[in-house]
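Engineer: Pasting data_4.cif below, which is mmCIF, C-alpha atoms and all ligand atoms.
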data_run
#
loop_
_atom_site.label_atom_id
_atom_site.label_comp_id
_atom_site.auth_asym_id
_atom_site.auth_seq_id
_atom_site.Cartn_x
_atom_site.Cartn_y
_atom_site.Cartn_z
CA MET A 25 0.00 0.00 0.00
CA ALA A 26 1.12 3.54 -0.71
CA ILE A 27 2.30 5.37 2.37
CA VAL A 28 2.20 8.73 0.57
CA ARG A 29 -0.28 9.50 -2.16
CA THR A 30 -1.46 12.66 -3.85
CA GLU A 31 -4.53 12.84 -6.04
CA LYS A 32 -4.87 15.59 -8.64
CA LEU A 33 -3.12 18.00 -6.35
CA CYS A 34 -3.30 21.67 -7.34
CA LYS A 35 -1.80 24.72 -5.67
CA VAL A 36 -2.38 28.27 -6.75
CA TYR A 37 -0.62 31.08 -4.89
CA SER A 38 -2.28 34.48 -4.98
CA THR A 39 -0.21 37.56 -4.28
CA GLY A 40 -2.31 40.64 -4.81
CA LYS A 41 -3.77 40.24 -8.28
CA VAL A 42 -1.10 37.84 -9.47
CA GLU A 43 -1.92 34.14 -9.46
CA THR A 44 0.79 31.53 -9.81
CA VAL A 45 -0.18 27.96 -10.57
CA ALA A 46 2.56 26.08 -8.72
CA LEU A 47 1.11 22.55 -9.05
CA LYS A 48 -1.43 21.24 -11.50
CA ASP A 49 -3.04 17.79 -11.19
CA VAL A 50 -0.09 16.15 -9.48
CA SER A 51 -0.81 12.49 -8.69
CA ILE A 52 2.11 10.57 -7.25
CA SER A 53 2.54 7.77 -4.75
CA ALA A 54 5.33 6.18 -2.76
CA SER A 55 5.33 2.82 -1.00
CA LYS A 56 6.83 2.02 2.37
CA GLY A 57 10.62 2.04 2.34
CA GLU A 58 11.06 3.81 -0.99
CA PHE A 59 13.83 6.38 -1.45
CA THR A 60 12.66 8.82 -4.09
CA ALA A 61 14.10 11.98 -5.61
CA LEU A 62 11.87 14.79 -6.76
CA VAL A 63 13.69 16.67 -9.50
CA GLY A 64 12.90 19.56 -11.78
CA PRO A 65 14.06 23.06 -12.66
CA SER A 66 13.78 25.98 -10.26
CA GLY A 67 10.13 26.96 -9.87
CA SER A 68 8.78 23.58 -11.01
CA GLY A 69 6.96 23.04 -7.70
CA LYS A 70 9.22 20.73 -5.66
CA THR A 71 9.08 22.70 -2.41
CA THR A 72 5.36 23.32 -2.83
CA LEU A 73 4.72 19.60 -3.26
CA LEU A 74 6.81 18.63 -0.22
CA ASN A 75 5.06 21.28 1.89
CA LEU A 76 1.64 19.95 0.90
CA ILE A 77 2.62 16.33 1.54
CA GLY A 78 4.01 17.30 4.95
CA GLY A 79 0.87 19.22 5.84
CA LEU A 80 2.80 22.48 6.20
CA ASP A 81 0.48 24.10 3.66
CA ARG A 82 -2.98 23.34 2.23
CA PRO A 83 -3.79 22.44 -1.39
CA SER A 84 -6.07 24.62 -3.52
CA SER A 85 -7.72 21.40 -4.68
CA GLY A 86 -6.96 17.69 -4.77
CA ASP A 87 -5.94 15.46 -1.89
CA VAL A 88 -2.97 14.20 0.08
CA PHE A 89 -3.07 10.83 1.85
CA ILE A 90 -0.62 9.62 4.48
CA GLY A 91 -1.38 5.91 4.75
CA ASP A 92 -5.17 5.85 4.73
CA GLU A 93 -5.58 9.28 6.32
CA LYS A 94 -6.69 12.11 4.09
CA ILE A 95 -4.67 14.97 5.52
CA SER A 96 -5.87 17.63 3.10
CA ALA A 97 -9.21 17.67 4.93
CA MET A 98 -7.85 17.29 8.45
CA LYS A 99 -8.36 19.85 11.24
CA SER A 100 -5.15 21.64 12.11
CA GLY A 101 -4.76 20.14 15.60
CA LYS A 102 -5.00 16.60 14.28
CA LEU A 103 -2.68 17.49 11.43
CA SER A 104 0.01 18.83 13.81
CA ASP A 105 -0.27 15.62 15.73
CA LEU A 106 0.16 13.49 12.61
CA ARG A 107 3.17 15.58 11.57
CA LEU A 108 4.76 15.19 14.98
CA HIS A 109 4.41 11.41 15.06
CA ARG A 110 4.63 10.23 11.46
CA ILE A 111 6.72 12.72 9.46
CA GLY A 112 10.27 14.01 9.81
CA PHE A 113 11.52 17.11 8.00
CA ILE A 114 14.98 18.06 6.75
CA PHE A 115 15.55 21.48 5.21
CA GLN A 116 18.21 23.01 3.00
CA GLU A 117 19.17 25.52 5.72
CA TYR A 118 19.37 22.86 8.50
CA ASN A 119 16.95 24.85 10.71
CA LEU A 120 18.55 23.86 14.01
CA ILE A 121 17.79 25.83 17.17
CA PRO A 122 20.93 27.97 17.65
CA VAL A 123 20.89 28.09 21.47
CA LEU A 124 20.59 24.32 21.86
CA SER A 125 23.43 21.80 21.61
CA ALA A 126 23.38 18.97 19.06
CA VAL A 127 21.92 16.50 21.54
CA GLU A 128 19.32 19.03 22.74
CA ASN A 129 18.26 19.74 19.17
CA VAL A 130 17.73 16.02 18.60
CA GLU A 131 15.85 15.62 21.90
CA TYR A 132 13.48 18.46 21.20
CA VAL A 133 10.90 16.57 19.08
CA MET A 134 10.76 13.79 21.66
CA LEU A 135 10.12 16.40 24.35
CA LEU A 136 7.03 17.44 22.39
CA GLN A 137 6.10 13.78 22.08
CA GLY A 138 6.24 13.38 25.84
CA LEU A 139 9.08 10.86 26.19
CA SER A 140 10.93 10.72 29.49
CA ARG A 141 14.19 12.63 29.94
CA LYS A 142 16.18 9.41 30.20
CA ASP A 143 14.68 7.92 27.01
CA ARG A 144 15.21 11.17 25.14
CA ARG A 145 18.86 11.39 26.08
CA GLU A 146 19.61 7.72 25.37
CA ARG A 147 17.96 7.70 21.98
CA SER A 148 19.54 11.01 20.96
CA LEU A 149 23.06 9.93 21.88
CA LYS A 150 22.62 6.65 20.01
CA ILE A 151 21.42 8.29 16.82
CA LEU A 152 24.12 10.99 16.96
CA ASP A 153 26.67 8.21 17.18
CA GLU A 154 25.05 6.51 14.16
CA VAL A 155 25.39 9.65 12.06
CA GLY A 156 29.06 9.97 13.02
CA LEU A 157 28.80 12.79 15.53
CA SER A 158 30.03 11.22 18.75
CA GLY A 159 32.23 13.78 20.45
CA LYS A 160 30.10 16.64 19.09
CA GLU A 161 26.99 16.01 21.21
CA HIS A 162 27.38 19.17 23.24
CA SER A 163 28.43 21.52 20.45
CA ARG A 164 26.05 24.27 19.37
CA PRO A 165 25.16 24.64 15.68
CA ASN A 166 27.58 27.57 15.19
CA GLU A 167 30.43 25.34 16.39
CA LEU A 168 29.67 22.72 13.71
CA SER A 169 30.40 22.61 9.97
CA GLY A 170 27.52 22.67 7.48
CA GLY A 171 27.79 18.93 6.93
CA GLN A 172 27.80 18.28 10.67
CA GLN A 173 24.78 20.56 11.18
CA GLN A 174 22.90 18.68 8.49
CA ARG A 175 23.79 15.39 10.21
CA VAL A 176 22.21 16.75 13.39
CA ALA A 177 19.14 17.65 11.33
CA VAL A 178 19.03 14.12 9.91
CA ALA A 179 19.42 12.65 13.41
CA ARG A 180 16.60 14.90 14.62
CA ALA A 181 14.34 13.76 11.77
CA VAL A 182 15.12 10.07 12.25
CA VAL A 183 15.24 9.76 16.04
CA SER A 184 11.54 9.26 16.62
CA LYS A 185 11.34 6.73 13.75
CA PRO A 186 8.78 8.52 11.61
CA GLU A 187 7.25 6.63 8.69
CA ILE A 188 8.23 9.32 6.22
CA ILE A 189 11.06 11.80 5.91
CA LEU A 190 10.64 14.77 3.60
CA ALA A 191 13.85 16.56 2.68
CA ASP A 192 13.92 19.74 0.60
CA GLU A 193 17.32 19.98 -1.13
CA PRO A 194 19.17 18.57 1.88
CA THR A 195 22.56 18.67 0.14
CA ALA A 196 22.25 22.05 -1.59
CA ASN A 197 24.54 23.87 0.85
CA LEU A 198 27.14 21.11 1.03
CA ASP A 199 30.15 20.39 -1.16
CA SER A 200 29.77 17.28 -3.31
CA GLU A 201 31.79 14.96 -1.09
CA THR A 202 29.94 16.01 2.07
CA GLY A 203 26.66 15.76 0.16
CA SER A 204 27.47 12.27 -1.00
CA GLU A 205 28.37 11.19 2.57
CA LEU A 206 25.07 12.59 3.80
CA MET A 207 23.20 10.70 1.07
CA LYS A 208 24.92 7.41 2.01
CA MET A 209 23.93 7.99 5.59
CA MET A 210 20.30 8.63 4.69
CA LEU A 211 20.25 5.52 2.48
CA ARG A 212 21.60 3.48 5.40
CA LEU A 213 18.90 4.84 7.73
CA ASN A 214 16.29 4.16 5.04
CA GLU A 215 17.28 0.50 4.96
CA GLU A 216 17.83 0.10 8.68
CA TYR A 217 14.52 1.63 9.80
CA GLU A 218 12.45 1.22 6.62
CA ILE A 219 11.68 4.93 6.66
CA THR A 220 10.28 6.21 3.36
CA PHE A 221 12.33 9.13 2.03
CA LEU A 222 11.16 11.74 -0.44
CA LEU A 223 13.75 14.38 -1.24
CA SER A 224 14.07 17.18 -3.74
CA THR A 225 17.30 17.98 -5.51
CA HIS A 226 18.95 19.81 -8.39
CA GLU A 227 22.04 17.65 -8.31
CA LYS A 228 22.66 14.76 -10.67
CA MET A 229 24.91 12.98 -8.16
CA VAL A 230 22.11 12.99 -5.58
CA MET A 231 19.53 11.90 -8.13
CA ASP A 232 21.73 9.00 -9.26
CA MET A 233 21.94 7.73 -5.69
CA CYS A 234 18.14 7.56 -5.31
CA LYS A 235 16.24 4.38 -6.05
CA ARG A 236 13.49 6.21 -7.89
CA VAL A 237 13.09 9.60 -9.60
CA ILE A 238 9.96 11.71 -10.13
CA ARG A 239 10.34 14.61 -12.55
CA LEU A 240 8.38 17.83 -12.30
CA LYS A 241 8.16 20.62 -14.85
CA ASP A 242 5.97 23.72 -14.59
CA GLY A 243 3.92 22.11 -11.82
CA HIS A 244 3.26 18.89 -13.75
CA VAL A 245 4.69 15.42 -13.26
CA ILE A 246 6.44 14.57 -16.51
CA ASP A 247 7.99 11.25 -15.47
CA GLY A 248 8.03 8.67 -12.69
CA GLY A 249 4.91 9.65 -10.71
N1 LIG B 301 4.55 31.60 -1.03
C1 LIG B 301 4.46 31.78 -2.37
N2 LIG B 301 3.74 32.80 -2.89
C2 LIG B 301 3.63 32.99 -4.21
N3 LIG B 301 4.22 32.19 -5.14
C3 LIG B 301 4.97 31.17 -4.69
C4 LIG B 301 5.13 30.91 -3.29
N4 LIG B 301 5.93 29.83 -3.14
C5 LIG B 301 6.25 29.42 -4.38
N5 LIG B 301 5.67 30.21 -5.32
C6 LIG B 301 5.75 30.05 -6.78
O1 LIG B 301 5.32 28.73 -7.09
C7 LIG B 301 6.14 28.14 -8.10
C8 LIG B 301 6.77 26.85 -7.56
O2 LIG B 301 7.69 27.20 -6.53
P1 LIG B 301 8.51 26.13 -5.68
O3 LIG B 301 9.18 26.88 -4.61
O4 LIG B 301 7.60 25.04 -5.29
O5 LIG B 301 9.55 25.59 -6.77
P2 LIG B 301 10.85 24.67 -6.58
O6 LIG B 301 10.77 23.60 -7.61
O7 LIG B 301 10.99 24.28 -5.17
O8 LIG B 301 12.03 25.68 -7.00
P3 LIG B 301 13.58 25.71 -6.47
O9 LIG B 301 14.27 24.60 -7.19
O10 LIG B 301 14.05 27.04 -6.92
O11 LIG B 301 13.55 25.55 -4.99
C9 LIG B 301 7.14 29.20 -8.50
O12 LIG B 301 6.64 29.86 -9.64
C10 LIG B 301 7.17 30.15 -7.30
O13 LIG B 301 7.47 31.44 -7.71
MG MG B 302 12.42 24.62 -3.70
#
Take the structure in this file and express it as structure tokens.
Ligand SMILES: Nc1ncnc2c1ncn2[C@@H]1O[C@H](COP(=O)(O)OP(=O)(O)OP(=O)(O)O)[C@@H](O)[C@H]1O
Ligand SMILES: [Mg+2]

Structural biologist:
Amino acid sequence: MAIVRTEKLCKVYSTGKVETVALKDVSISASKGEFTALVGPSGSGKTTLLNLIGGLDRPSSGDVFIGDEKISAMKSGKLSDLRLHRIGFIFQEYNLIPVLSAVENVEYVMLLQGLSRKDRRERSLKILDEVGLSGKEHSRPNELSGGQQQRVAVARAVVSKPEIILADEPTANLDSETGSELMKMMLRLNEEYEITFLLSTHEKMVMDMCKRVIRLKDGHVIDGG
């Protein structure tokens, strides 16, 4: 069964009198454990699509399903809850909390989920070790390199074992070697925990490492949906 599915998804942004059709009739699906790249030129709708799938924004029409739940029609409280428990996010700009250390950044989601302090700490230290950051647990984001910050972000997304991880250009700010290391790490976590990954990218190297590719152009799926 598809763990992520969109049905004729449309998104129109209105700014003043200008309307931009960012997505038009996008129907895609991904099964459990897939590792899929979303590719397409700048402005083709990648970020918009990830935001709709993650429930960070609402479609103009069409539907998004996470498992058998139709999230496009869900009340916002229930949607936040679903996001917290079933979806992990990784962003291009890392989006770590600057005043918190690496381990505190990773613990934060589990704090919202109500896990005990001991569980939070144990799980965070284990996952930081898995992403190669032992020794850096107590460093703040500004004391870490870009690649290390993105590893913290990956650890934060993975730690509560969500079913899906959505990553918007996770390697865009990294040099190609660091980006490739990050990809290998995400592929390992994908296999180890059977987390479904959907990530957007401009880079051929990243695309080549993904098991499946969906191509967008001008808000349409042109291949692989
Ligand atoms: N908040 C917004 N308000 C108005 N228009 C927007 C908004 N966000 C995106 N758009 C427009 O929607 C279209 C799709 O944008 P989107 O950011 O999804 O593309 P993208 O494929 O992620 O591009 P990039 O590769 O540059 O990140 C573009 O024409 C963009 O200008
Ligand atoms: Mg984008």

Engineer: Contacts between ligand LIG 301 (chain B) and chain A, please, where a residue of chain A counts if it comes within 6 Å (with all atoms listed in the file); show its shortest atom pair and distance in Å to one decimal, rows by chain and ascending number, as CSV.

Structural biologist:
residue,atom,partner,partner_atom,distance
A:Tyr37,CA,B:LIG301,C2,4.7
A:Thr39,CA,B:LIG301,C2,6.0
A:Thr44,CA,B:LIG301,N3,5.8
A:Ala46,CA,B:LIG301,O1,4.2
A:Pro65,CA,B:LIG301,O9,5.7
A:Ser66,CA,B:LIG301,O9,3.4
A:Gly67,CA,B:LIG301,O5,3.4
A:Ser68,CA,B:LIG301,O6,3.9
A:Gly69,CA,B:LIG301,O4,3.2
A:Lys70,CA,B:LIG301,O6,3.8
A:Thr71,CA,B:LIG301,O7,3.7
A:Thr72,CA,B:LIG301,O4,3.7

Engineer: Can you pull out the residues contacting segment 143-149 of chain A? Cut-off 10 Å, using only C-alpha atoms, and skip same-chain residues under 2 positions away; I want them as a VMD selection string.

Structural biologist: chain A and resid 126 to 135 137 to 141 151 to 154 157 to 158 161 176 179 to 180 182 to 184

Engineer: Keeping only C-alpha atoms, write the selected residues to a file as a PDB file, in the frame of the given file.

Structural biologist:
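Produced file selection-v5.pdb, reproduced below:
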ATOM      1  CA  ALA A 126      23.380  18.970  19.060  1.00  0.00           C
ATOM      2  CA  VAL A 127      21.920  16.500  21.540  1.00  0.00           C
ATOM      3  CA  GLU A 128      19.320  19.030  22.740  1.00  0.00           C
ATOM      4  CA  ASN A 129      18.260  19.740  19.170  1.00  0.00           C
ATOM      5  CA  VAL A 130      17.730  16.020  18.600  1.00  0.00           C
ATOM      6  CA  GLU A 131      15.850  15.620  21.900  1.00  0.00           C
ATOM      7  CA  TYR A 132      13.480  18.460  21.200  1.00  0.00           C
ATOM      8  CA  VAL A 133      10.900  16.570  19.080  1.00  0.00           C
ATOM      9  CA  MET A 134      10.760  13.790  21.660  1.00  0.00           C
ATOM     10  CA  LEU A 135      10.120  16.400  24.350  1.00  0.00           C
ATOM     11  CA  GLN A 137       6.100  13.780  22.080  1.00  0.00           C
ATOM     12  CA  GLY A 138       6.240  13.380  25.840  1.00  0.00           C
ATOM     13  CA  LEU A 139       9.080  10.860  26.190  1.00  0.00           C
ATOM     14  CA  SER A 140      10.930  10.720  29.490  1.00  0.00           C
ATOM     15  CA  ARG A 141      14.190  12.630  29.940  1.00  0.00           C
ATOM     16  CA  ILE A 151      21.420   8.290  16.820  1.00  0.00           C
ATOM     17  CA  LEU A 152      24.120  10.990  16.960  1.00  0.00           C
ATOM     18  CA  ASP A 153      26.670   8.210  17.180  1.00  0.00           C
ATOM     19  CA  GLU A 154      25.050   6.510  14.160  1.00  0.00           C
ATOM     20  CA  LEU A 157      28.800  12.790  15.530  1.00  0.00           C
ATOM     21  CA  SER A 158      30.030  11.220  18.750  1.00  0.00           C
ATOM     22  CA  GLU A 161      26.990  16.010  21.210  1.00  0.00           C
ATOM     23  CA  VAL A 176      22.210  16.750  13.390  1.00  0.00           C
ATOM     24  CA  ALA A 179      19.420  12.650  13.410  1.00  0.00           C
ATOM     25  CA  ARG A 180      16.600  14.900  14.620  1.00  0.00           C
ATOM     26  CA  VAL A 182      15.120  10.070  12.250  1.00  0.00           C
ATOM     27  CA  VAL A 183      15.240   9.760  16.040  1.00  0.00           C
ATOM     28  CA  SER A 184      11.540   9.260  16.620  1.00  0.00           C
TER      29      SER A 184
END

Engineer: Between A:Met98, A:Leu206, A:Val63, A:Leu103, which has the minimum distance to ligand MG 302 (chain B) (counting all atoms listed in the file)?

Structural biologist: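 Counting all atoms listed in the file, the residue closest to ligand MG 302 (chain B) is A:Val63.
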
Engineer: Excluding Val230 of chain A and residues on its chain fewer than 2 positions from it, collect all residues at most 12 Å away from it, counting all atoms listed in the file, and give them as a PyMOL selection string.

Structural biologist: chain A and resi 59-63+193-196+198-208+210-211+223-228+232-237

Engineer: Just the number, please: distance in Å from atom CA of Leu120 of chain A to atom CA of Gln173 of chain A, one decimal.

Structural biologist: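 Taking atom CA of Leu120 of chain A and atom CA of Gln173 of chain A, their separation equals 7.6 Å.
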
Engineer: I'd like the interatomic distance between atom CA of Tyr118 of chain A and atom CA of Glu218 of chain A, to a tenth of an Å.

Structural biologist: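 Computing it gives 22.8 Å between the two atoms.
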